[in-house]
>>> print(open('target_10.csv').read())   # CSV, C-alpha atoms
chain,number,residue,atom,x,y,z
A,16,MET,CA,-82.7,-39.7,19.0
A,17,PRO,CA,-83.3,-35.9,18.5
A,18,ARG,CA,-81.9,-36.1,14.9
A,19,ALA,CA,-84.1,-39.1,14.1
A,20,ALA,CA,-87.2,-37.4,15.4
A,21,ARG,CA,-86.5,-34.2,13.4
A,22,ALA,CA,-85.9,-36.2,10.2
A,23,LEU,CA,-89.1,-38.3,10.6
A,24,ARG,CA,-91.2,-35.2,11.3
A,25,ALA,CA,-89.7,-33.4,8.3
A,26,ALA,CA,-90.0,-36.3,5.9
A,27,LEU,CA,-93.4,-37.7,7.0
A,28,PRO,CA,-95.4,-34.8,8.6
A,29,ALA,CA,-98.7,-36.7,8.3
A,30,VAL,CA,-97.5,-39.8,10.1
A,31,HIS,CA,-97.9,-40.0,13.9
A,32,ILE,CA,-94.5,-40.9,15.4
A,33,ALA,CA,-94.4,-42.1,19.0
A,34,LEU,CA,-90.9,-42.5,20.2
A,35,GLN,CA,-89.8,-44.7,23.1
A,36,GLY,CA,-86.4,-44.7,24.7
A,37,GLU,CA,-84.3,-46.6,27.2
A,38,GLN,CA,-85.3,-50.2,26.2
A,39,LEU,CA,-83.0,-53.1,25.6
A,40,SER,CA,-82.9,-55.1,22.4
A,41,SER,CA,-84.8,-58.3,23.4
A,42,PRO,CA,-87.9,-56.4,24.6
A,43,LEU,CA,-87.9,-54.2,21.5
A,44,ALA,CA,-87.7,-57.2,19.2
A,45,LYS,CA,-90.6,-58.8,21.1
A,46,ALA,CA,-92.6,-55.6,20.8
A,47,LEU,CA,-92.0,-55.7,17.0
A,48,HIS,CA,-93.2,-59.3,16.8
A,49,ASP,CA,-96.3,-58.5,18.9
A,50,GLY,CA,-97.2,-55.6,16.7
A,51,VAL,CA,-96.7,-53.1,19.6
A,52,LEU,CA,-93.9,-51.3,17.6
A,53,ASP,CA,-93.6,-50.9,13.9
A,54,VAL,CA,-89.9,-50.0,13.7
A,55,ALA,CA,-87.1,-50.3,16.3
A,56,VAL,CA,-83.4,-49.3,16.5
A,57,LEU,CA,-81.7,-52.0,18.5
A,58,ARG,CA,-78.6,-54.2,18.9
A,59,PRO,CA,-78.4,-57.8,17.7
A,60,CYS,CA,-80.4,-60.3,19.8
A,61,ALA,CA,-81.8,-63.8,19.5
A,62,GLU,CA,-85.3,-62.5,18.9
A,63,LEU,CA,-84.6,-61.0,15.4
A,64,ASP,CA,-85.7,-64.1,13.5
A,65,GLY,CA,-88.6,-63.1,11.2
A,66,LEU,CA,-87.8,-59.4,11.2
A,67,VAL,CA,-86.2,-57.3,8.5
A,68,THR,CA,-83.0,-55.8,9.7
A,69,LYS,CA,-80.5,-53.3,8.3
A,70,THR,CA,-77.2,-52.3,9.9
A,71,LEU,CA,-77.2,-48.6,10.6
A,72,LEU,CA,-73.7,-48.4,12.0
A,73,THR,CA,-71.1,-50.4,13.8
A,74,GLU,CA,-70.0,-48.6,17.0
A,75,PRO,CA,-66.7,-49.0,18.9
A,76,ILE,CA,-67.1,-49.9,22.5
A,77,VAL,CA,-65.4,-47.5,24.9
A,78,VAL,CA,-64.8,-47.7,28.6
A,79,ALA,CA,-66.5,-45.3,30.9
A,80,VAL,CA,-64.5,-44.5,34.1
A,81,PRO,CA,-65.2,-42.1,36.9
A,82,ASP,CA,-63.1,-38.9,37.2
A,83,GLY,CA,-60.2,-39.6,39.4
A,84,HIS,CA,-60.0,-43.3,38.4
A,85,ARG,CA,-56.5,-44.6,37.9
A,86,LEU,CA,-57.1,-44.9,34.2
A,87,ALA,CA,-59.0,-41.6,33.7
A,88,GLY,CA,-55.9,-39.7,32.5
A,89,GLN,CA,-55.0,-42.2,29.7
A,90,ASP,CA,-55.6,-41.6,26.0
A,91,GLU,CA,-56.8,-45.2,25.6
A,92,VAL,CA,-57.1,-48.3,27.8
A,93,ASP,CA,-55.9,-51.8,27.2
A,94,LEU,CA,-58.9,-54.1,28.0
A,95,ALA,CA,-56.6,-56.4,30.1
A,96,ASP,CA,-56.0,-53.4,32.4
A,97,LEU,CA,-59.7,-53.7,33.5
A,98,ALA,CA,-59.2,-57.3,34.9
A,99,ASN,CA,-59.4,-56.3,38.5
A,100,GLU,CA,-62.1,-53.7,38.1
A,101,VAL,CA,-65.7,-53.8,39.3
A,102,PHE,CA,-68.1,-53.5,36.3
A,103,VAL,CA,-71.5,-51.8,35.9
A,104,SER,CA,-73.3,-53.6,33.1
A,105,TYR,CA,-76.5,-54.1,31.2
A,106,PRO,CA,-78.2,-57.5,31.9
A,107,MET,CA,-76.5,-60.3,30.1
A,108,GLU,CA,-79.7,-62.1,29.1
A,109,VAL,CA,-81.1,-59.1,27.1
A,110,SER,CA,-78.1,-57.0,26.1
A,111,ALA,CA,-75.8,-57.5,23.1
A,112,VAL,CA,-73.4,-55.0,24.7
A,113,ALA,CA,-73.2,-57.1,27.8
A,114,LYS,CA,-72.5,-60.2,25.8
A,115,THR,CA,-69.9,-58.4,23.7
A,116,GLN,CA,-68.3,-57.2,26.9
A,117,ARG,CA,-68.1,-60.7,28.4
A,118,ASP,CA,-66.7,-62.2,25.3
A,119,ALA,CA,-64.1,-59.5,24.9
A,120,CYS,CA,-63.0,-59.8,28.6
A,121,LEU,CA,-62.8,-63.6,28.3
A,122,ALA,CA,-60.6,-63.2,25.2
A,123,ALA,CA,-58.4,-60.8,27.2
A,124,GLY,CA,-58.0,-63.5,29.9
A,125,PHE,CA,-60.5,-62.5,32.6
A,126,GLU,CA,-64.1,-62.8,33.6
A,127,PRO,CA,-65.6,-59.3,34.1
A,128,ASN,CA,-66.6,-58.7,37.8
A,129,VAL,CA,-70.1,-57.4,37.3
A,130,GLN,CA,-71.4,-56.1,40.5
A,131,LEU,CA,-74.3,-54.0,39.3
A,132,THR,CA,-76.7,-54.5,36.3
A,133,VAL,CA,-79.0,-51.9,35.0
A,134,ALA,CA,-81.2,-51.6,31.9
A,135,GLU,CA,-81.1,-47.8,31.5
A,136,THR,CA,-78.0,-46.2,30.0
A,137,SER,CA,-78.4,-43.0,32.1
A,138,THR,CA,-78.5,-45.0,35.3
A,139,LEU,CA,-75.4,-47.0,34.2
A,140,VAL,CA,-73.5,-43.8,33.5
A,141,THR,CA,-74.7,-42.3,36.8
A,142,PHE,CA,-73.4,-45.4,38.7
A,143,VAL,CA,-70.0,-44.9,36.9
A,144,ALA,CA,-69.9,-41.2,37.9
A,145,SER,CA,-70.6,-42.4,41.5
A,146,ALA,CA,-67.5,-44.5,41.3
A,147,LEU,CA,-69.4,-47.8,41.7
A,148,GLY,CA,-67.5,-49.3,38.8
A,149,VAL,CA,-66.4,-49.0,35.2
A,150,ALA,CA,-68.6,-49.8,32.2
A,151,LEU,CA,-68.0,-50.9,28.6
A,152,VAL,CA,-70.5,-48.9,26.5
A,153,PRO,CA,-71.1,-48.1,22.8
A,154,GLN,CA,-69.2,-44.9,21.8
A,155,GLY,CA,-72.5,-43.1,21.3
A,156,VAL,CA,-73.2,-43.2,25.0
A,157,ASN,CA,-70.7,-40.4,25.4
A,158,GLN,CA,-73.6,-38.1,24.4
A,159,VAL,CA,-75.0,-38.9,27.9
A,160,ARG,CA,-73.5,-35.9,29.6
A,161,ILE,CA,-73.2,-36.8,33.3
A,162,PRO,CA,-70.5,-34.9,35.1
A,163,GLY,CA,-67.8,-37.1,36.6
A,164,VAL,CA,-67.4,-39.6,33.7
A,165,ARG,CA,-64.6,-40.0,31.2
A,166,TYR,CA,-65.1,-42.1,28.0
A,167,LEU,CA,-61.9,-43.7,26.7
A,168,PRO,CA,-61.1,-45.8,23.6
A,169,LEU,CA,-60.2,-49.5,24.2
A,170,ARG,CA,-57.4,-51.6,22.8
A,171,PRO,CA,-58.1,-53.9,21.1
A,172,VAL,CA,-61.0,-52.2,19.3
A,173,ILE,CA,-64.3,-54.0,20.1
A,174,THR,CA,-67.5,-53.1,18.1
A,175,VAL,CA,-71.2,-53.7,18.3
A,176,PRO,CA,-73.7,-53.1,15.5
A,177,LEU,CA,-76.8,-50.9,15.7
A,178,LEU,CA,-79.7,-52.2,13.6
A,179,LEU,CA,-82.9,-50.9,12.2
A,180,ALA,CA,-85.6,-53.6,12.5
A,181,ARG,CA,-89.2,-53.9,11.3
A,182,ARG,CA,-91.7,-56.7,10.7
A,183,ASP,CA,-91.7,-58.2,7.2
A,184,ARG,CA,-95.4,-57.7,6.3
A,185,PRO,CA,-97.0,-56.7,3.0
A,186,ASN,CA,-98.9,-53.4,2.8
A,187,GLU,CA,-96.8,-51.7,5.4
A,188,ALA,CA,-95.7,-48.9,3.2
A,189,VAL,CA,-95.6,-46.3,6.0
A,190,THR,CA,-93.4,-48.5,8.1
A,191,ALA,CA,-91.1,-49.0,5.1
A,192,ARG,CA,-90.9,-45.2,4.6
A,193,VAL,CA,-90.1,-44.6,8.3
A,194,ALA,CA,-87.4,-47.3,8.1
A,195,ALA,CA,-85.9,-45.7,4.9
A,196,VAL,CA,-85.8,-42.2,6.6
A,197,LEU,CA,-84.0,-43.7,9.6
A,198,ALA,CA,-81.6,-45.7,7.4
A,199,ARG,CA,-80.5,-42.5,5.6
A,200,LEU,CA,-79.4,-41.0,9.0
A,201,ARG,CA,-76.2,-43.0,9.2
>>> encode(input="target_10.csv", output="structure tokens")
Amino acid sequence: MPRAARALRAALPAVHIALQGEQLSSPLAKALHDGVLDVAVLRPCAELDGLVTKTLLTEPIVVAVPDGHRLAGQDEVDLADLANEVFVSYPMEVSAVAKTQRDACLAAGFEPNVQLTVAETSTLVTFVASALGVALVPQGVNQVRIPGVRYLPLRPVITVPLLLARRDRPNEAVTARVAAVLARLR
């Protein structure tokens, strides 16, 4: 987010940029459709129909575990080794990451035991640091520096795309320029 804000301010100094954070994909897509937002960075969701999207990057999913966890000292974790763990997760009905987590766990032979669901990444990581469970998160979440959490690569590699989305409307040149600046940040 800081890099995006700096790039937008440098490239488009006359454009008012209002940034919002900590929102899940479905509400962001709805806000685009409703005209509340002009551009959003989000994960895939059912509400993308009618929006122009571009893949910014595809991120690997990692496991966040609390310090002292039985897997915390490993270089990487086999997904099947999480079969008996309690999970902290994003809400399934609005999160591509939660859906990816569930599908990957089912493919590994188990249903994830989700005990806590939260919409905010910082809260999710805080709950992991508090040893309330483990979480599968996009690798970029490791930028959320909360003491007491280790981020470890998963086997097999699981990924989730990050998209740039905007309405497809004529005469929205400024929105297209904002989207172009963000797309160059890959």
>>> residues_around(input="target_10.csv", residues="Ser137 (chain A)", least_positions_apart="6", cutoff="10 Å", atoms="all atoms listed in the file", output="list in words")
Glu37, Val143, Val156, Val159, Arg160 and Ile161 of chain A
>>> residues_around(input="target_10.csv", residues="Gly155 (chain A)", least_positions_apart="5", cutoff="10 Å", atoms="only C-alpha atoms", output="ChimeraX atom specification")
/A:74-77
>>> closest_residue(input="target_10.csv", among="A:Glu62, A:Pro176, A:Ala150, A:Val193", to="Ala33 (chain A)", atoms="all atoms listed in the file")
A:Val193
>>> residues_around(input="target_10.csv", residues="Val51 (chain A)", least_positions_apart="6", cutoff="12 Å", atoms="all atoms listed in the file", output="JSON, numbers by chain")
{"A": [33, 35, 42, 43, 44, 45, 181, 182]}
>>> closest_residue(input="target_10.csv", among="A:Ile173, A:Val30, A:Leu39, A:Leu151", to="Ala134 (chain A)", atoms="only C-alpha atoms")
A:Leu39
>>> residues_around(input="target_10.csv", residues="Val172 (chain A)", least_positions_apart="2", cutoff="12 Å", atoms="all atoms listed in the file", output="number ranges by chain")
A: 73-78, 91-94, 115-116, 119, 123, 151, 153-154, 167-170, 174-175
>>> residues_around(input="target_10.csv", residues="region 54-59 of chain A", least_positions_apart="6", cutoff="7 Å", atoms="only C-alpha atoms", output="list in words")
Ser40, Leu43, Leu47, Ala111, Pro176, Leu177, Leu178, Leu179, Ala180, Arg181, Thr190 and Ala194 of chain A
>>> atom_distance(input="target_10.csv", atom1="CA of Arg165 (chain A)", atom2="CA of Val80 (chain A)")
5.4 Å
>>> atom_distance(input="target_10.csv", atom1="CA of Gly88 (chain A)", atom2="CA of Val164 (chain A)")
11.6 Å
>>> atom_distance(input="target_10.csv", atom1="CA of Gln130 (chain A)", atom2="CA of Asp90 (chain A)")
25.9 Å
>>> closest_residue(input="target_10.csv", among="A:Ala191, A:Leu131, A:Tyr166, A:Arg199", to="Gln89 (chain A)", atoms="all atoms listed in the file")
A:Tyr166
